[in-house]
>>> print(open('protein-v3.cif').read())   # mmCIF, C-alpha atoms
data_protein
#
loop_
_atom_site.label_atom_id
_atom_site.label_comp_id
_atom_site.auth_asym_id
_atom_site.auth_seq_id
_atom_site.Cartn_x
_atom_site.Cartn_y
_atom_site.Cartn_z
CA MET A 1 90.49 46.31 140.31
CA ARG A 2 93.72 47.16 142.17
CA GLN A 3 95.46 50.24 140.82
CA ILE A 4 99.22 50.23 140.34
CA ASP A 5 101.37 53.28 141.13
CA PHE A 6 103.94 53.18 138.35
CA GLY A 7 105.51 56.29 139.86
CA GLN A 8 107.27 53.91 142.28
CA VAL A 9 109.34 52.64 139.34
CA ALA A 10 109.46 55.88 137.32
CA ASN A 11 113.20 55.74 136.61
CA SER A 12 113.04 52.21 135.20
CA TYR A 13 109.87 53.07 133.32
CA ALA A 14 111.56 56.05 131.68
CA SER A 15 114.63 54.06 130.63
CA SER A 16 112.83 50.97 129.34
CA ARG A 17 109.51 52.08 127.84
CA GLU A 18 110.82 53.68 124.67
CA ASP A 19 110.30 50.30 122.98
CA ILE A 20 107.59 51.36 120.53
CA PRO A 21 108.02 49.57 117.18
CA VAL A 22 109.57 51.85 114.58
CA THR A 23 106.91 50.71 112.09
CA LEU A 24 103.97 51.84 114.24
CA MET A 25 103.66 55.35 112.87
CA ASP A 26 104.11 54.18 109.28
CA SER A 27 101.42 51.55 109.83
CA LEU A 28 99.01 54.28 110.93
CA LEU A 29 99.91 56.44 107.94
CA LEU A 30 99.10 53.53 105.62
CA ARG A 31 95.65 53.50 107.22
CA ASN A 32 95.11 57.22 106.55
CA ILE A 33 95.89 58.37 110.09
CA PHE A 34 97.68 61.69 109.63
CA PHE A 35 99.12 63.60 112.60
CA ASP A 36 100.38 66.75 110.87
CA GLY A 37 98.46 69.68 112.38
CA LYS A 38 96.01 67.45 114.28
CA LYS A 39 95.03 68.07 117.89
CA VAL A 40 95.85 64.89 119.79
CA ALA A 41 95.32 63.89 123.43
CA ASP A 42 97.41 60.94 124.64
CA ILE A 43 95.74 59.51 127.74
CA GLY A 44 97.84 57.47 130.13
CA ALA A 45 100.90 59.02 128.53
CA GLY A 46 103.40 57.55 131.00
CA THR A 47 106.81 59.06 130.31
CA GLY A 48 105.70 60.39 126.91
CA ALA A 49 107.15 57.84 124.48
CA LEU A 50 104.12 57.93 122.16
CA THR A 51 103.64 61.70 122.46
CA ARG A 52 107.15 62.25 121.15
CA LYS A 53 106.53 59.94 118.19
CA MET A 54 103.45 61.98 117.28
CA ALA A 55 105.16 65.32 117.86
CA MET A 56 107.86 64.26 115.40
CA ARG A 57 105.04 64.00 112.86
CA LYS A 58 103.92 67.54 113.69
CA ALA A 59 100.93 66.69 115.84
CA ASN A 60 99.70 69.29 118.32
CA VAL A 61 99.76 66.78 121.18
CA ILE A 62 99.18 66.90 124.93
CA GLY A 63 99.87 64.06 127.36
CA ILE A 64 97.54 63.20 130.26
CA GLU A 65 98.93 61.02 133.05
CA PRO A 66 97.81 60.43 136.67
CA SER A 67 101.27 59.64 138.08
CA GLN A 68 103.31 62.69 139.03
CA GLY A 69 106.43 60.53 139.05
CA LEU A 70 105.94 59.56 135.41
CA LEU A 71 105.07 63.15 134.46
CA THR A 72 108.34 64.32 135.96
CA GLN A 73 110.24 61.76 133.88
CA ALA A 74 108.30 62.79 130.77
CA SER A 75 109.41 66.39 131.26
CA VAL A 76 113.02 65.31 131.79
CA LEU A 77 112.99 63.26 128.58
CA ASN A 78 111.39 66.18 126.74
CA ARG A 79 114.27 68.43 127.67
CA MET A 80 116.87 65.79 126.81
CA LYS A 81 115.30 65.18 123.40
CA ASN A 82 114.43 68.85 122.66
CA PHE A 83 110.64 68.52 122.75
CA THR A 84 108.20 71.02 124.22
CA ILE A 85 105.17 68.75 124.57
CA PRO A 86 102.78 69.84 127.34
CA TYR A 87 101.75 67.32 129.98
CA GLN A 88 99.19 67.61 132.71
CA GLN A 89 98.01 65.44 135.55
CA GLY A 90 94.65 63.83 134.93
CA THR A 91 92.92 60.51 134.49
CA ALA A 92 91.11 58.80 131.64
CA GLU A 93 87.87 59.38 133.51
CA ALA A 94 88.56 63.09 134.18
CA THR A 95 91.16 64.50 131.79
CA GLY A 96 90.44 68.16 132.44
CA LEU A 97 90.51 68.81 128.68
CA ASP A 98 88.07 70.91 126.65
CA ASP A 99 84.89 69.58 125.06
CA SER A 100 84.92 68.57 121.37
CA HIS A 101 88.49 69.81 120.90
CA TYR A 102 90.57 66.86 119.72
CA ASP A 103 90.85 65.15 116.35
CA ILE A 104 92.51 62.06 117.81
CA VAL A 105 92.73 60.43 121.23
CA THR A 106 95.45 57.83 121.73
CA VAL A 107 95.84 55.30 124.53
CA MET A 108 98.91 53.07 124.68
CA ARG A 109 99.36 50.26 127.21
CA ALA A 110 96.74 51.78 129.48
CA TRP A 111 93.13 50.96 128.49
CA HIS A 112 93.10 47.95 130.81
CA TRP A 113 93.70 50.24 133.81
CA PHE A 114 90.74 52.54 133.11
CA GLU A 115 87.20 52.55 134.51
CA ARG A 116 86.06 51.87 130.99
CA PRO A 117 82.47 53.20 131.00
CA LYS A 118 83.65 56.54 132.41
CA ALA A 119 86.70 56.61 130.13
CA ILE A 120 84.55 56.03 127.04
CA GLU A 121 82.30 58.94 127.97
CA GLU A 122 85.31 61.17 128.60
CA VAL A 123 86.89 60.27 125.26
CA LYS A 124 83.61 61.02 123.48
CA ARG A 125 83.38 64.36 125.32
CA ILE A 126 86.80 65.63 124.25
CA LEU A 127 86.75 64.27 120.67
CA LYS A 128 85.41 66.28 117.77
CA ALA A 129 82.56 64.88 115.70
CA ARG A 130 83.81 61.86 113.74
CA GLY A 131 86.98 61.91 115.86
CA THR A 132 89.36 58.96 116.07
CA LEU A 133 90.32 56.82 119.06
CA ILE A 134 93.46 54.70 118.73
CA VAL A 135 94.01 52.04 121.41
CA ILE A 136 97.44 50.39 121.34
CA ASP A 137 98.98 47.67 123.44
CA SER A 138 102.41 46.12 123.22
CA GLY A 139 104.65 43.86 125.20
CA PHE A 140 107.17 41.06 125.11
CA LEU A 141 106.20 37.51 124.21
CA SER A 142 106.85 34.32 126.15
CA GLY A 143 108.85 31.42 124.79
CA THR A 144 112.48 32.56 124.84
CA SER A 145 114.79 31.23 127.54
CA VAL A 146 115.32 34.68 129.08
CA VAL A 147 111.59 35.37 129.39
CA GLU A 148 110.85 31.89 130.75
CA LYS A 149 113.62 32.20 133.35
CA THR A 150 112.21 35.61 134.29
CA PHE A 151 108.75 34.14 134.80
CA GLU A 152 110.24 31.32 136.89
CA VAL A 153 111.77 33.86 139.29
CA LEU A 154 108.80 36.25 139.41
CA LYS A 155 106.20 33.61 140.21
CA ASN A 156 107.84 33.25 143.64
CA TYR A 157 107.15 36.91 144.42
CA VAL A 158 103.87 37.78 142.69
CA THR A 159 101.40 36.16 145.07
CA GLU A 160 98.39 36.82 142.83
CA GLY A 161 100.03 34.91 140.00
CA LEU A 162 101.43 36.05 136.65
CA LYS A 163 98.04 36.84 135.20
CA PRO A 164 97.21 39.56 132.64
CA SER A 165 97.22 43.14 133.92
CA GLY A 166 94.21 45.17 134.99
CA SER A 167 90.85 44.32 133.46
CA LYS A 168 92.49 41.86 131.05
CA ALA A 169 92.56 39.42 133.95
CA ASP A 170 88.75 39.51 134.13
CA SER A 171 88.24 38.31 130.56
CA ASN A 172 88.25 34.68 129.47
CA MET A 173 88.37 35.53 125.77
CA ARG A 174 90.81 37.89 124.11
CA ILE A 175 91.60 38.75 120.50
CA ASN A 176 95.29 39.60 120.08
CA GLY A 177 95.33 40.44 123.77
CA PHE A 178 92.26 42.69 123.70
CA PRO A 179 89.33 41.39 125.81
CA ILE A 180 86.30 40.78 123.63
CA GLU A 181 84.24 42.91 126.01
CA TRP A 182 86.09 46.01 124.89
CA PHE A 183 84.80 45.71 121.34
CA GLN A 184 81.25 45.27 122.60
CA GLU A 185 81.55 48.34 124.82
CA TRP A 186 82.97 50.49 122.04
CA GLU A 187 80.22 49.48 119.63
CA GLN A 188 77.47 50.06 122.19
CA ASN A 189 78.83 53.56 122.84
CA GLY A 190 79.04 54.73 119.25
CA PHE A 191 82.59 53.78 118.26
CA GLU A 192 83.07 51.97 114.97
CA VAL A 193 86.13 49.71 114.64
CA ARG A 194 87.87 50.80 111.44
CA ASP A 195 90.90 48.52 111.70
CA PHE A 196 92.54 46.11 114.11
CA TYR A 197 95.97 44.71 113.38
CA LYS A 198 99.19 43.34 114.84
CA ILE A 199 102.87 44.25 114.45
CA ASN A 200 105.56 41.74 115.41
CA TYR A 201 108.95 43.18 116.27
CA SER A 202 112.03 42.53 118.36
CA VAL A 203 113.77 44.64 121.00
CA ASN A 204 117.41 44.19 122.01
CA PHE A 205 118.21 44.32 125.72
CA THR A 206 121.38 44.20 127.74
CA LYS A 207 121.05 42.31 131.01
CA GLN A 208 120.66 45.55 132.95
CA GLY A 209 118.22 46.92 130.41
CA TRP A 210 116.07 43.80 130.69
CA ILE A 211 116.02 44.02 134.49
CA GLU A 212 114.89 47.65 134.25
CA ARG A 213 112.18 46.62 131.80
CA ILE A 214 110.95 43.97 134.21
CA GLU A 215 110.95 46.42 137.13
CA SER A 216 108.62 48.68 135.14
CA ILE A 217 105.86 46.09 134.61
CA SER A 218 102.78 45.99 136.81
CA TRP A 219 103.73 42.72 138.53
CA LEU A 220 106.82 44.39 140.00
CA ALA A 221 105.46 47.93 140.35
CA GLY A 222 102.73 46.57 142.59
CA LEU A 223 105.13 45.00 145.09
CA ASP A 224 106.51 46.58 148.23
CA GLU A 225 109.90 48.12 147.57
CA ALA A 226 111.85 45.62 149.66
CA VAL A 227 110.16 42.66 147.97
CA ARG A 228 110.68 44.20 144.55
CA LYS A 229 114.39 44.69 145.20
CA GLN A 230 114.76 41.11 146.39
CA ALA A 231 112.97 39.80 143.27
CA LEU A 232 115.21 41.84 140.99
CA LEU A 233 118.33 40.71 142.84
CA GLU A 234 117.32 37.06 142.39
CA LEU A 235 116.52 37.70 138.74
CA GLU A 236 119.94 39.26 138.19
CA LYS A 237 121.60 36.17 139.64
CA ALA A 238 119.44 33.79 137.61
CA LEU A 239 120.01 35.36 134.21
CA PRO A 240 123.14 34.63 132.16
CA ASP A 241 125.81 37.26 131.57
CA GLN A 242 126.11 37.91 127.85
CA GLY A 243 125.98 40.74 125.28
CA GLN A 244 122.41 41.38 124.22
CA TRP A 245 119.15 39.48 124.05
CA ALA A 246 116.69 39.90 121.19
CA ILE A 247 113.26 39.66 122.84
CA PRO A 248 110.25 39.16 120.53
CA HIS A 249 107.43 41.66 121.05
CA GLU A 250 103.93 42.17 119.73
CA CYS A 251 102.05 45.44 119.19
CA ASN A 252 98.27 45.42 118.69
CA VAL A 253 96.49 48.47 117.32
CA CYS A 254 92.75 49.21 117.18
CA ILE A 255 91.53 52.26 115.25
CA LEU A 256 88.02 53.44 116.10
CA ARG A 257 85.93 56.36 114.93
CA VAL A 258 82.98 58.06 116.57
CA GLU A 259 79.95 57.26 114.44
CA ALA A 260 77.98 60.16 112.99
#
>>> encode(input="protein-v3.cif", output="structure tokens")
Amino acid sequence: MRQIDFGQVANSYASSREDIPVTLMDSLLLRNIFFDGKKVADIGAGTGALTRKMAMRKANVIGIEPSQGLLTQASVLNRMKNFTIPYQQGTAEATGLDDSHYDIVTVMRAWHWFERPKAIEEVKRILKARGTLIVIDSGFLSGTSVVEKTFEVLKNYVTEGLKPSGSKADSNMRINGFPIEWFQEWEQNGFEVRDFYKINYSVNFTKQGWIERIESISWLAGLDEAVRKQALLELEKALPDQGQWAIPHECNVCILRVEA
């Protein structure tokens, strides 16, 4: 599976990936997921959007991220927003964190990039007994004129086709975007699915904001810089000039617990 260096688009990633639904944290609270005082490791933390949400709920959270470019942006956003969340460079397969130390491990928009067998073992290593793993994915939905026009432009530049990202592309069957193989792997490795649910929400974008959001996705981040710039220039010309666009999104959340 080809790895994508999101550090190449770190600025756009930082400006456009704060689009976590406001109801996410409340939805977890309703399912008895409490962050106050809990030790949490957020793996694949990106620019820290989820870590800040959890820190606001008094979690003792650390972010793990392989891209130095995204870590730099996470630290910048921390200072701007008055957070002191620690981040360190590491991967899902080798976090560098202590054994049996964390109450909760979170992964948002990243599980499909991991070497899953190794990542599962690493998550089990750092979690406490009966610890919780929360895997979250979110993204915009097709169907609106802006999104369809965007796809029309991008298909001329993404030679591999506009297929799902990472290991999602290898699965022929998905449940709310999660490959069915993931559930089998979790169960076989001692993780019990406690809940799996979906949140529908909308995000407002200006034209420039939408272009930055598109630059941050894997289809664009994986292109050579010159090709990426040309694609974005064509997209800018193809999209209408108007105030804001309300783009429908979907967030899928799976809560798992290490079986006794």
>>> closest_residue(input="protein-v3.cif", among="A:Arg109, A:Glu122, A:Asn204, A:Ser142", to="A:Ala92", atoms="all atoms listed in the file")
A:Glu122
>>> closest_residue(input="protein-v3.cif", among="A:Glu160, A:Asp170, A:Glu192, A:Glu148", to="A:Arg130", atoms="all atoms listed in the file")
A:Glu192
>>> closest_residue(input="protein-v3.cif", among="A:Leu141, A:Ile120, A:Leu127, A:Leu24", to="A:Glu185", atoms="only C-alpha atoms")
A:Ile120
>>> resolve_selection(input="protein-v3.cif", expression="the PyMOL selection byres ((chain A and resi 236) around 10)", output="PDB file with C-alpha atoms, keeping the file's coordinate frame")
ATOM      1  CA  THR A 150     112.210  35.610 134.290  1.00  0.00           C
ATOM      2  CA  VAL A 153     111.770  33.860 139.290  1.00  0.00           C
ATOM      3  CA  LYS A 207     121.050  42.310 131.010  1.00  0.00           C
ATOM      4  CA  GLN A 208     120.660  45.550 132.950  1.00  0.00           C
ATOM      5  CA  TRP A 210     116.070  43.800 130.690  1.00  0.00           C
ATOM      6  CA  ILE A 211     116.020  44.020 134.490  1.00  0.00           C
ATOM      7  CA  GLN A 230     114.760  41.110 146.390  1.00  0.00           C
ATOM      8  CA  ALA A 231     112.970  39.800 143.270  1.00  0.00           C
ATOM      9  CA  LEU A 232     115.210  41.840 140.990  1.00  0.00           C
ATOM     10  CA  LEU A 233     118.330  40.710 142.840  1.00  0.00           C
ATOM     11  CA  GLU A 234     117.320  37.060 142.390  1.00  0.00           C
ATOM     12  CA  LEU A 235     116.520  37.700 138.740  1.00  0.00           C
ATOM     13  CA  LYS A 237     121.600  36.170 139.640  1.00  0.00           C
ATOM     14  CA  ALA A 238     119.440  33.790 137.610  1.00  0.00           C
ATOM     15  CA  LEU A 239     120.010  35.360 134.210  1.00  0.00           C
ATOM     16  CA  PRO A 240     123.140  34.630 132.160  1.00  0.00           C
ATOM     17  CA  ASP A 241     125.810  37.260 131.570  1.00  0.00           C
TER      18      ASP A 241
END
>>> resolve_selection(input="protein-v3.cif", expression="the PyMOL selection byres ((chain A and resi 112) around 9)", output="PyMOL selection string")
chain A and resi 109-111+113-116+165-168+178
>>> closest_residue(input="protein-v3.cif", among="A:Gly161, A:Gly222, A:Pro66, A:Gly177", to="A:Glu250", atoms="only C-alpha atoms")
A:Gly177
>>> resolve_selection(input="protein-v3.cif", expression="the PyMOL selection byres ((chain A and resi 189) around 12)", output="ChimeraX atom specification")
/A:116-125,182-188,190-193,256-260
>>> atom_distance(input="protein-v3.cif", atom1="atom CA of A:Leu162", atom2="atom CA of A:Leu220")
10.5 Å
>>> atom_distance(input="protein-v3.cif", atom1="atom CA of A:Arg174", atom2="atom CA of A:Arg194")
18.3 Å
>>> build_atoms(input="protein-v3.cif", residues="stretch 61-92 of chain A", atoms="N, CA and C atoms", output="PDB file, in the frame of the given file")
ATOM      1  N   VAL A  61     100.114  67.840 120.237  1.00  0.00           N
ATOM      2  CA  VAL A  61      99.760  66.780 121.180  1.00  0.00           C
ATOM      3  C   VAL A  61      99.948  67.215 122.615  1.00  0.00           C
ATOM      4  N   ILE A  62      99.058  66.714 123.492  1.00  0.00           N
ATOM      5  CA  ILE A  62      99.180  66.900 124.930  1.00  0.00           C
ATOM      6  C   ILE A  62      99.099  65.530 125.583  1.00  0.00           C
ATOM      7  N   GLY A  63      99.877  65.323 126.640  1.00  0.00           N
ATOM      8  CA  GLY A  63      99.870  64.060 127.360  1.00  0.00           C
ATOM      9  C   GLY A  63      99.150  64.196 128.694  1.00  0.00           C
ATOM     10  N   ILE A  64      98.272  63.244 128.990  1.00  0.00           N
ATOM     11  CA  ILE A  64      97.540  63.200 130.260  1.00  0.00           C
ATOM     12  C   ILE A  64      97.985  61.967 131.015  1.00  0.00           C
ATOM     13  N   GLU A  65      98.375  62.138 132.275  1.00  0.00           N
ATOM     14  CA  GLU A  65      98.930  61.020 133.050  1.00  0.00           C
ATOM     15  C   GLU A  65      98.636  61.253 134.538  1.00  0.00           C
ATOM     16  N   PRO A  66      98.112  60.235 135.252  1.00  0.00           N
ATOM     17  CA  PRO A  66      97.810  60.430 136.670  1.00  0.00           C
ATOM     18  C   PRO A  66      99.027  60.449 137.594  1.00  0.00           C
ATOM     19  N   SER A  67     100.110  59.782 137.198  1.00  0.00           N
ATOM     20  CA  SER A  67     101.270  59.640 138.080  1.00  0.00           C
ATOM     21  C   SER A  67     102.208  60.840 137.955  1.00  0.00           C
ATOM     22  N   GLN A  68     102.397  61.550 139.057  1.00  0.00           N
ATOM     23  CA  GLN A  68     103.310  62.690 139.030  1.00  0.00           C
ATOM     24  C   GLN A  68     104.741  62.231 138.782  1.00  0.00           C
ATOM     25  N   GLY A  69     105.090  61.046 139.284  1.00  0.00           N
ATOM     26  CA  GLY A  69     106.430  60.530 139.050  1.00  0.00           C
ATOM     27  C   GLY A  69     106.720  60.316 137.577  1.00  0.00           C
ATOM     28  N   LEU A  70     105.750  59.766 136.843  1.00  0.00           N
ATOM     29  CA  LEU A  70     105.940  59.560 135.410  1.00  0.00           C
ATOM     30  C   LEU A  70     105.913  60.888 134.655  1.00  0.00           C
ATOM     31  N   LEU A  71     105.083  61.828 135.095  1.00  0.00           N
ATOM     32  CA  LEU A  71     105.070  63.150 134.460  1.00  0.00           C
ATOM     33  C   LEU A  71     106.416  63.846 134.596  1.00  0.00           C
ATOM     34  N   THR A  72     107.024  63.710 135.749  1.00  0.00           N
ATOM     35  CA  THR A  72     108.340  64.320 135.960  1.00  0.00           C
ATOM     36  C   THR A  72     109.354  63.724 134.987  1.00  0.00           C
ATOM     37  N   GLN A  73     109.324  62.406 134.822  1.00  0.00           N
ATOM     38  CA  GLN A  73     110.240  61.760 133.880  1.00  0.00           C
ATOM     39  C   GLN A  73     109.934  62.169 132.442  1.00  0.00           C
ATOM     40  N   ALA A  74     108.667  62.345 132.118  1.00  0.00           N
ATOM     41  CA  ALA A  74     108.300  62.790 130.770  1.00  0.00           C
ATOM     42  C   ALA A  74     108.905  64.151 130.475  1.00  0.00           C
ATOM     43  N   SER A  75     108.841  65.052 131.437  1.00  0.00           N
ATOM     44  CA  SER A  75     109.410  66.390 131.260  1.00  0.00           C
ATOM     45  C   SER A  75     110.925  66.342 131.118  1.00  0.00           C
ATOM     46  N   VAL A  76     111.570  65.469 131.898  1.00  0.00           N
ATOM     47  CA  VAL A  76     113.020  65.310 131.790  1.00  0.00           C
ATOM     48  C   VAL A  76     113.407  64.813 130.401  1.00  0.00           C
ATOM     49  N   LEU A  77     112.701  63.799 129.915  1.00  0.00           N
ATOM     50  CA  LEU A  77     112.990  63.260 128.580  1.00  0.00           C
ATOM     51  C   LEU A  77     112.699  64.282 127.495  1.00  0.00           C
ATOM     52  N   ASN A  78     111.670  65.094 127.692  1.00  0.00           N
ATOM     53  CA  ASN A  78     111.390  66.180 126.740  1.00  0.00           C
ATOM     54  C   ASN A  78     112.593  67.095 126.586  1.00  0.00           C
ATOM     55  N   ARG A  79     113.134  67.514 127.718  1.00  0.00           N
ATOM     56  CA  ARG A  79     114.270  68.430 127.670  1.00  0.00           C
ATOM     57  C   ARG A  79     115.481  67.762 127.032  1.00  0.00           C
ATOM     58  N   MET A  80     115.729  66.511 127.367  1.00  0.00           N
ATOM     59  CA  MET A  80     116.870  65.790 126.810  1.00  0.00           C
ATOM     60  C   MET A  80     116.749  65.631 125.300  1.00  0.00           C
ATOM     61  N   LYS A  81     115.531  65.458 124.815  1.00  0.00           N
ATOM     62  CA  LYS A  81     115.300  65.180 123.400  1.00  0.00           C
ATOM     63  C   LYS A  81     114.804  66.397 122.633  1.00  0.00           C
ATOM     64  N   ASN A  82     114.802  67.574 123.292  1.00  0.00           N
ATOM     65  CA  ASN A  82     114.430  68.850 122.660  1.00  0.00           C
ATOM     66  C   ASN A  82     112.981  68.890 122.171  1.00  0.00           C
ATOM     67  N   PHE A  83     112.075  68.400 123.017  1.00  0.00           N
ATOM     68  CA  PHE A  83     110.640  68.520 122.750  1.00  0.00           C
ATOM     69  C   PHE A  83     110.032  69.503 123.737  1.00  0.00           C
ATOM     70  N   THR A  84     108.920  70.095 123.345  1.00  0.00           N
ATOM     71  CA  THR A  84     108.200  71.020 124.220  1.00  0.00           C
ATOM     72  C   THR A  84     106.749  70.582 124.383  1.00  0.00           C
ATOM     73  N   ILE A  85     106.527  69.306 124.449  1.00  0.00           N
ATOM     74  CA  ILE A  85     105.170  68.750 124.570  1.00  0.00           C
ATOM     75  C   ILE A  85     104.609  69.079 125.951  1.00  0.00           C
ATOM     76  N   PRO A  86     103.387  69.601 126.027  1.00  0.00           N
ATOM     77  CA  PRO A  86     102.780  69.840 127.340  1.00  0.00           C
ATOM     78  C   PRO A  86     102.225  68.551 127.940  1.00  0.00           C
ATOM     79  N   TYR A  87     102.348  68.427 129.252  1.00  0.00           N
ATOM     80  CA  TYR A  87     101.750  67.320 129.980  1.00  0.00           C
ATOM     81  C   TYR A  87     100.971  67.887 131.152  1.00  0.00           C
ATOM     82  N   GLN A  88      99.901  67.201 131.511  1.00  0.00           N
ATOM     83  CA  GLN A  88      99.190  67.610 132.710  1.00  0.00           C
ATOM     84  C   GLN A  88      98.636  66.388 133.428  1.00  0.00           C
ATOM     85  N   GLN A  89      98.498  66.548 134.742  1.00  0.00           N
ATOM     86  CA  GLN A  89      98.010  65.440 135.550  1.00  0.00           C
ATOM     87  C   GLN A  89      96.505  65.307 135.369  1.00  0.00           C
ATOM     88  N   GLY A  90      96.065  64.105 135.119  1.00  0.00           N
ATOM     89  CA  GLY A  90      94.650  63.830 134.930  1.00  0.00           C
ATOM     90  C   GLY A  90      94.458  62.348 134.704  1.00  0.00           C
ATOM     91  N   THR A  91      93.228  61.928 134.686  1.00  0.00           N
ATOM     92  CA  THR A  91      92.920  60.510 134.490  1.00  0.00           C
ATOM     93  C   THR A  91      92.088  60.340 133.227  1.00  0.00           C
ATOM     94  N   ALA A  92      91.937  59.097 132.811  1.00  0.00           N
ATOM     95  CA  ALA A  92      91.110  58.800 131.640  1.00  0.00           C
ATOM     96  C   ALA A  92      89.658  59.140 131.899  1.00  0.00           C
TER      97      ALA A  92
END
